[in-house]
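Shown next: data-v7.txt, given as compact mmCIF, C-alpha atoms and all ligand atoms.
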```txt
# COMPACT_ATOMS: atom_id res chain seq x y z
CA MET H 173 -20.91 16.99 24.15
CA GLN H 174 -18.22 19.40 23.01
CA HIS H 175 -14.81 17.82 22.52
CA PRO H 176 -11.80 20.18 22.76
CA LEU H 177 -9.70 20.48 19.58
CA ALA H 178 -6.66 18.87 21.28
CA VAL H 179 -8.76 15.83 22.23
CA ARG H 180 -10.19 15.48 18.72
CA ILE H 181 -6.80 15.76 17.00
CA THR H 182 -5.08 13.31 19.37
CA HIS H 183 -8.08 10.93 19.20
CA TRP H 184 -7.92 10.61 15.40
CA ILE H 185 -4.12 10.47 15.24
CA ASN H 186 -4.32 7.70 17.84
CA ALA H 187 -6.95 5.81 15.79
CA VAL H 188 -4.71 5.83 12.68
CA ALA H 189 -1.45 5.03 14.55
CA MET H 190 -3.17 2.28 16.56
CA THR H 191 -4.57 0.62 13.44
CA VAL H 192 -1.07 0.52 11.89
CA MET H 193 0.48 -0.73 15.16
CA ILE H 194 -2.05 -3.56 15.59
CA ALA H 195 -2.04 -4.73 11.95
CA SER H 196 1.78 -4.67 11.71
CA GLY H 197 2.09 -6.16 15.22
CA TRP H 198 -0.02 -9.14 14.17
CA ARG H 199 2.34 -9.75 11.23
CA ILE H 200 5.36 -9.62 13.56
CA TYR H 201 3.59 -12.06 15.92
CA ASN H 202 2.88 -14.44 13.01
CA ALA H 203 6.63 -14.73 12.30
CA SER H 204 7.14 -16.24 15.77
CA PRO H 205 3.79 -17.01 17.44
CA LEU H 206 3.56 -17.05 21.23
CA PHE H 207 0.44 -19.20 21.25
CA ASP H 208 -1.16 -21.92 19.17
CA PHE H 209 -2.63 -19.62 16.53
CA VAL H 210 -1.67 -16.95 13.98
CA PHE H 211 -3.61 -13.93 12.72
CA PRO H 212 -5.15 -14.16 9.20
CA ALA H 213 -2.64 -12.63 6.74
CA TRP H 214 -5.31 -10.35 5.18
CA LEU H 215 -5.75 -8.59 8.56
CA THR H 216 -2.05 -7.80 8.82
CA LEU H 217 0.20 -5.08 7.43
CA GLY H 218 3.71 -5.23 6.00
CA ASN H 219 3.65 -8.43 3.87
CA TRP H 220 6.67 -9.94 5.62
CA LEU H 221 8.51 -9.61 8.93
CA GLY H 222 10.87 -6.85 7.74
CA GLY H 223 8.05 -4.80 6.23
CA ALA H 224 5.87 -5.21 9.34
CA LEU H 225 8.73 -4.13 11.62
CA ALA H 226 9.27 -1.01 9.48
CA TRP H 227 5.57 -0.08 9.81
CA HIS H 228 5.55 -0.87 13.55
CA PHE H 229 8.65 1.23 14.29
CA ALA H 230 7.41 4.13 12.16
CA ALA H 231 3.98 4.30 13.81
CA MET H 232 5.25 3.76 17.36
CA TRP H 233 6.79 7.25 17.55
CA LEU H 234 3.54 8.81 16.37
CA LEU H 235 1.52 6.73 18.84
CA ALA H 236 3.83 7.43 21.81
CA ALA H 237 4.26 11.17 21.12
CA ASN H 238 0.51 11.56 20.57
CA PHE H 239 -0.22 9.69 23.82
CA VAL H 240 2.17 11.97 25.76
CA VAL H 241 0.49 15.07 24.23
CA TYR H 242 -3.02 13.75 25.13
CA CYS H 243 -1.99 12.91 28.73
CA ALA H 244 -0.17 16.24 29.23
CA TYR H 245 -3.10 18.22 27.81
CA GLY H 246 -5.60 16.07 29.74
CA TRP H 247 -3.93 16.67 33.10
CA ALA H 248 -2.98 20.32 32.57
CA SER H 249 -6.42 21.35 31.33
CA GLY H 250 -8.34 19.24 33.85
CA HIS H 251 -10.03 17.32 30.96
CA ILE H 252 -9.14 13.89 32.39
CA ARG H 253 -10.29 14.86 35.91
CA ARG H 254 -13.55 16.41 34.70
CA ARG H 255 -14.56 14.01 31.91
CA LEU H 256 -12.95 10.63 32.66
CA LEU H 257 -12.87 10.57 36.48
CA PRO H 258 -13.99 9.37 38.95
CA VAL H 259 -14.38 5.70 38.12
CA GLN H 260 -16.43 4.34 41.02
CA PRO H 261 -17.52 0.66 41.27
CA ARG H 262 -21.05 1.50 42.46
CA GLU H 263 -21.69 3.82 39.48
CA ILE H 264 -20.14 1.29 37.08
CA TRP H 265 -22.46 -1.52 38.30
CA HIS H 266 -25.45 0.79 38.07
CA ASP H 267 -24.67 2.02 34.53
CA ALA H 268 -23.51 -1.43 33.30
CA ALA H 269 -26.81 -3.00 34.46
CA LEU H 270 -28.74 -0.31 32.56
CA ALA H 271 -26.49 -0.69 29.49
CA LEU H 272 -27.02 -4.47 29.36
CA ARG H 273 -30.78 -3.86 29.26
CA PHE H 274 -30.26 -1.13 26.61
CA ARG H 275 -31.76 1.37 29.07
CA LEU H 276 -28.69 3.57 29.60
CA PRO H 277 -29.52 7.06 28.34
CA HIS H 278 -26.79 8.92 26.42
CA ASP H 279 -27.35 12.39 27.81
CA GLY H 280 -24.83 14.04 25.50
CA THR H 281 -23.25 16.20 28.22
CA GLN H 282 -21.05 13.71 30.07
CA TYR H 283 -19.63 10.21 29.71
CA ASN H 284 -21.45 7.51 31.69
CA ALA H 285 -19.52 5.41 34.23
CA VAL H 286 -19.05 2.50 31.77
CA GLN H 287 -17.53 4.84 29.17
CA ARG H 288 -15.26 6.44 31.81
CA LEU H 289 -14.07 3.00 32.93
CA LEU H 290 -13.41 1.91 29.34
CA TYR H 291 -11.51 5.12 28.48
CA VAL H 292 -9.35 4.90 31.61
CA LEU H 293 -8.71 1.19 30.94
CA VAL H 294 -7.68 1.76 27.33
CA GLY H 295 -5.41 4.63 28.45
CA CYS H 296 -3.68 2.21 30.85
CA GLY H 297 -3.57 -0.42 28.06
CA ILE H 298 -1.86 2.03 25.67
CA GLY H 299 0.65 3.07 28.38
CA LEU H 300 1.39 -0.59 29.11
CA ALA H 301 1.75 -1.40 25.40
CA ILE H 302 4.27 1.44 24.96
CA LEU H 303 6.35 0.50 28.03
CA SER H 304 6.37 -3.26 27.33
CA GLY H 305 7.10 -2.50 23.67
CA LEU H 306 10.16 -0.45 24.66
CA ALA H 307 11.26 -3.31 26.93
CA ILE H 308 11.21 -5.87 24.10
CA TRP H 309 12.62 -3.42 21.54
CA LYS H 310 15.80 -2.65 23.56
CA PRO H 311 15.99 -5.35 26.26
CA VAL H 312 19.70 -4.70 26.86
CA GLN H 313 19.89 -0.89 26.75
CA LEU H 314 16.60 -0.58 28.66
CA TYR H 315 17.39 -3.48 30.98
CA PRO H 316 15.75 -1.89 34.09
CA LEU H 317 12.50 -1.69 32.14
CA SER H 318 12.58 -5.31 30.92
CA PHE H 319 13.56 -6.30 34.49
CA VAL H 320 10.37 -4.63 35.79
CA PHE H 321 8.37 -6.75 33.33
CA GLY H 322 10.14 -9.92 34.48
CA GLY H 323 12.48 -10.22 31.49
CA TYR H 324 12.11 -10.31 27.71
CA GLU H 325 9.79 -13.33 27.49
CA LEU H 326 7.33 -12.01 30.07
CA ALA H 327 7.46 -8.50 28.59
CA ARG H 328 6.41 -10.06 25.26
CA ARG H 329 3.38 -11.62 26.94
CA VAL H 330 2.50 -8.35 28.67
CA HIS H 331 2.75 -6.61 25.27
CA PHE H 332 0.35 -9.17 23.79
CA LEU H 333 -2.04 -8.75 26.74
CA ALA H 334 -2.02 -4.94 26.33
CA MET H 335 -2.82 -5.41 22.61
CA ALA H 336 -5.71 -7.75 23.51
CA VAL H 337 -7.13 -5.16 25.97
CA ILE H 338 -6.89 -2.44 23.31
CA VAL H 339 -8.48 -4.61 20.59
CA GLY H 340 -11.28 -5.61 23.01
CA PHE H 341 -11.85 -1.93 23.74
CA ILE H 342 -11.95 -1.02 20.02
CA VAL H 343 -14.57 -3.70 19.25
CA LEU H 344 -16.79 -2.44 22.12
CA HIS H 345 -16.09 1.23 21.35
CA LEU H 346 -17.08 0.85 17.69
CA ALA H 347 -20.20 -1.14 18.67
CA LEU H 348 -21.24 1.68 21.05
CA VAL H 349 -20.62 4.33 18.35
CA ALA H 350 -22.74 2.23 15.94
CA ILE H 351 -25.54 2.04 18.54
CA VAL H 352 -25.42 5.84 19.18
CA PRO H 353 -24.09 7.21 15.85
CA ARG H 354 -24.93 10.83 16.72
CA THR H 355 -21.84 10.85 19.01
CA LEU H 356 -19.58 10.61 15.95
CA ARG H 357 -20.07 14.10 14.45
CA PRO H 358 -19.05 16.01 17.60
CA MET H 359 -15.82 13.98 17.75
CA ILE H 360 -15.06 15.16 14.18
CA THR H 361 -16.39 18.72 14.06
CA GLY H 362 -16.25 19.79 17.71
CA ARG H 363 -19.88 20.93 17.62
CA THR H 364 -22.34 19.62 20.19
CA ILE H 365 -24.89 16.94 19.22
C1 LIG Z 1 -8.44 2.92 17.52
C2 LIG Z 1 -8.46 3.20 18.76
C3 LIG Z 1 -9.37 4.15 19.49
C4 LIG Z 1 -9.17 4.50 20.77
C5 LIG Z 1 -8.03 4.00 21.67
C6 LIG Z 1 -10.22 5.43 21.13
C7 LIG Z 1 -10.34 6.01 22.39
C8 LIG Z 1 -11.26 6.96 22.75
C9 LIG Z 1 -11.25 7.73 23.96
C10 LIG Z 1 -10.19 7.58 25.07
C11 LIG Z 1 -12.29 8.59 23.94
C12 LIG Z 1 -12.61 9.65 25.00
C13 LIG Z 1 -11.80 10.91 24.61
C14 LIG Z 1 -11.84 11.99 25.67
O1 LIG Z 1 -12.90 12.62 25.86
O2 LIG Z 1 -10.78 12.27 26.26
C15 LIG Z 1 -13.01 8.36 22.69
C16 LIG Z 1 -14.17 8.99 22.30
C17 LIG Z 1 -14.84 8.74 21.13
N1 LIG Z 1 -14.40 7.91 20.10
FE1 LIG Z 1 -12.75 6.76 20.08
N2 LIG Z 1 -11.05 5.61 20.07
C18 LIG Z 1 -10.57 4.85 19.02
C19 LIG Z 1 -11.10 4.77 17.76
C20 LIG Z 1 -12.30 5.36 17.37
C21 LIG Z 1 -12.93 5.20 16.08
C22 LIG Z 1 -12.34 4.40 14.90
C23 LIG Z 1 -14.11 5.90 16.12
C24 LIG Z 1 -15.19 6.09 15.08
C25 LIG Z 1 -15.43 5.33 14.07
C26 LIG Z 1 -14.21 6.50 17.43
C27 LIG Z 1 -15.24 7.30 17.87
C28 LIG Z 1 -15.33 7.96 19.08
C29 LIG Z 1 -16.42 8.84 19.47
C30 LIG Z 1 -17.66 9.14 18.65
C31 LIG Z 1 -16.14 9.31 20.76
C32 LIG Z 1 -17.02 10.21 21.63
C33 LIG Z 1 -18.01 9.33 22.37
C34 LIG Z 1 -19.09 10.14 23.07
O3 LIG Z 1 -19.14 11.36 22.95
O4 LIG Z 1 -19.92 9.49 23.75
N3 LIG Z 1 -13.11 6.15 18.16
N4 LIG Z 1 -12.35 7.37 21.98
```
Would it be possible to restate this file's structure as structure tokens?
Ligand code: HEM
Amino acid sequence: MQHPLAVRITHWINAVAMTVMIASGWRIYNASPLFDFVFPAWLTLGNWLGGALAWHFAAMWLLAANFVVYCAYGWASGHIRRRLLPVQPREIWHDAALALRFRLPHDGTQYNAVQRLLYVLVGCGIGLAILSGLAIWKPVQLYPLSFVFGGYELARRVHFLAMAVIVGFIVLHLALVAIVPRTLRPMITGRTI
């Protein structure tokens, strides 16, 4: 599969920005945990709350701007419509059943229905993470936004949920790349497999 340059650049910028956001976000969470657990310190970034916030706020602009560029390019060029849509339940069941039996062929010319579903889901997860993040960053100035999320406390939970969706995606995404490693080079060089 040939990946357009804009998709490759935004994909790798997103991977770097997302890693920084998650690792620093876990450190921020540890300073005031929502649930009965904390993240291991060695998986986090920033050393202390102030340092983690500095990393989180620095990377958030990169992540958000990059996401806007990917979405704008994706819609304007038809990339999202052609490559990521449609996401139809019947196709998803069919391809998921094959995938679970390790019988899903990777034809190299288009994403299968499970990949399309995962990519659309993670796109929604990133959008939700950005919006809920803005709501808890400026709950007074952006009051209408935190109101939509049901207030600061609920927005914090939504932000955590969006992170969990994204982390779940990354684990699965990396496992799939490890199972079919020949998909990696085209995402770097732009050449077909
Ligand atoms: C960290 C967060 C990441 C997210 C949110 C993410 C998301 C995505 C998305 C949405 C696509 C489809 C792009 C499109 O065609 O529009 C994609 C493709 C791909 N990603 Fe990632 N990615 C991440 C990290 C990574 C990493 C770390 C690797 C490699 C080690 C990787 C390897 C790939 C490959 C190889 C493809 C193409 C798959 C194929 O052709 O079947 N991704 N990724």
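Distance-wise, atom CA of Ala307 of chain H and atom CA of Val320 of chain H end up 9.0 Å apart.
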> Could you list, as a list in words, all the residues within 7 Å of ligand LIG 1 (chain Z), counting all atoms listed in the file?
Replying inline: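 Answer in the requested format: Met173, His175, Val179, His183, Asn186, Ala187, Val188, Met190, Thr191, His251, Ile252, Arg255, Leu256, Gly280, Tyr283, Tyr291, Val294, Gly295, Ile338, Ile342, His345, Leu346, Val349, Thr355, Leu356, Arg357 and Met359 of chain H.
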Let me see the file: selected residues, C-alpha atoms, as a JSON list (two decimals), keeping the file's coordinate frame.
```json
[["chain", "number", "residue", "atom", "x", "y", "z"],
["H", 173, "MET", "CA", -20.91, 16.99, 24.15],
["H", 175, "HIS", "CA", -14.81, 17.82, 22.52],
["H", 179, "VAL", "CA", -8.76, 15.83, 22.23],
["H", 183, "HIS", "CA", -8.08, 10.93, 19.20],
["H", 186, "ASN", "CA", -4.32, 7.70, 17.84],
["H", 187, "ALA", "CA", -6.95, 5.81, 15.79],
["H", 188, "VAL", "CA", -4.71, 5.83, 12.68],
["H", 190, "MET", "CA", -3.17, 2.28, 16.56],
["H", 191, "THR", "CA", -4.57, 0.62, 13.44],
["H", 251, "HIS", "CA", -10.03, 17.32, 30.96],
["H", 252, "ILE", "CA", -9.14, 13.89, 32.39],
["H", 255, "ARG", "CA", -14.56, 14.01, 31.91],
["H", 256, "LEU", "CA", -12.95, 10.63, 32.66],
["H", 280, "GLY", "CA", -24.83, 14.04, 25.50],
["H", 283, "TYR", "CA", -19.63, 10.21, 29.71],
["H", 291, "TYR", "CA", -11.51, 5.12, 28.48],
["H", 294, "VAL", "CA", -7.68, 1.76, 27.33],
["H", 295, "GLY", "CA", -5.41, 4.63, 28.45],
["H", 338, "ILE", "CA", -6.89, -2.44, 23.31],
["H", 342, "ILE", "CA", -11.95, -1.02, 20.02],
["H", 345, "HIS", "CA", -16.09, 1.23, 21.35],
["H", 346, "LEU", "CA", -17.08, 0.85, 17.69],
["H", 349, "VAL", "CA", -20.62, 4.33, 18.35],
["H", 355, "THR", "CA", -21.84, 10.85, 19.01],
["H", 356, "LEU", "CA", -19.58, 10.61, 15.95],
["H", 357, "ARG", "CA", -20.07, 14.10, 14.45],
["H", 359, "MET", "CA", -15.82, 13.98, 17.75]]
```
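Proximity of H:Leu344, H:Val240, H:Leu257, H:Leu314 to Thr182 of chain H, computed with all atoms listed in the file, is greatest for H:Val240.
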> What does the distance between atom CA of Asp279 of chain H and atom CA of Gly297 of chain H come to in Å, to one decimal place?
Replying inline: 27.0 Å
List every residue of segment 200-276 of chain H that has an atom at most 12 Å from any atom of segment 322-328 of chain H, and for each one report the closest atom pair and its distance in Å to one decimal, counting all atoms listed in the file, with rows sorted by chain and then by increasing residue number, as a tab-separated table.
```
residue	atom	partner	partner_atom	distance
H:Ile200	CA	H:Arg328	CA	11.8
H:Tyr201	CA	H:Arg328	CA	10.0
H:Ser204	CA	H:Arg328	CA	11.3
H:Pro205	CA	H:Arg328	CA	10.8
H:Leu206	CA	H:Arg328	CA	8.6
H:Phe207	CA	H:Arg328	CA	11.6
```
> Which residue, H:His278, H:Leu234, H:Glu263, H:Gly305, has the smallest gap to Arg354 of chain H when you use only C-alpha atoms?
Replying inline: H:His278
>> I'd like to know which of H:Val339, H:Ala178, H:Leu270, H:Ala231 is closest to Leu217 of chain H, using all atoms listed in the file.
In response: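 For Leu217 of chain H, the nearest of the candidates is H:Ala231.
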> Using all atoms listed in the file, which of H:Met335, H:Ala301, H:Leu272, H:Val286 sits nearest Ile194 of chain H?
Replying inline: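 Comparing H:Met335, H:Ala301, H:Leu272, H:Val286 against Ile194 of chain H, the winner is H:Met335.
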> Of the candidates H:Arg329, H:Arg273, H:Arg254, H:Arg363, which shows the shortest atom-to-atom distance to Gln174 of chain H, using all atoms listed in the file?
Replying inline: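 Counting all atoms listed in the file, the residue closest to Gln174 of chain H is H:Arg363.
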>> Report, in Å with one decimal, the straight-line distance from atom CA of Leu293 of chain H to atom CA of Ser249 of chain H.
In response: 20.3 Å
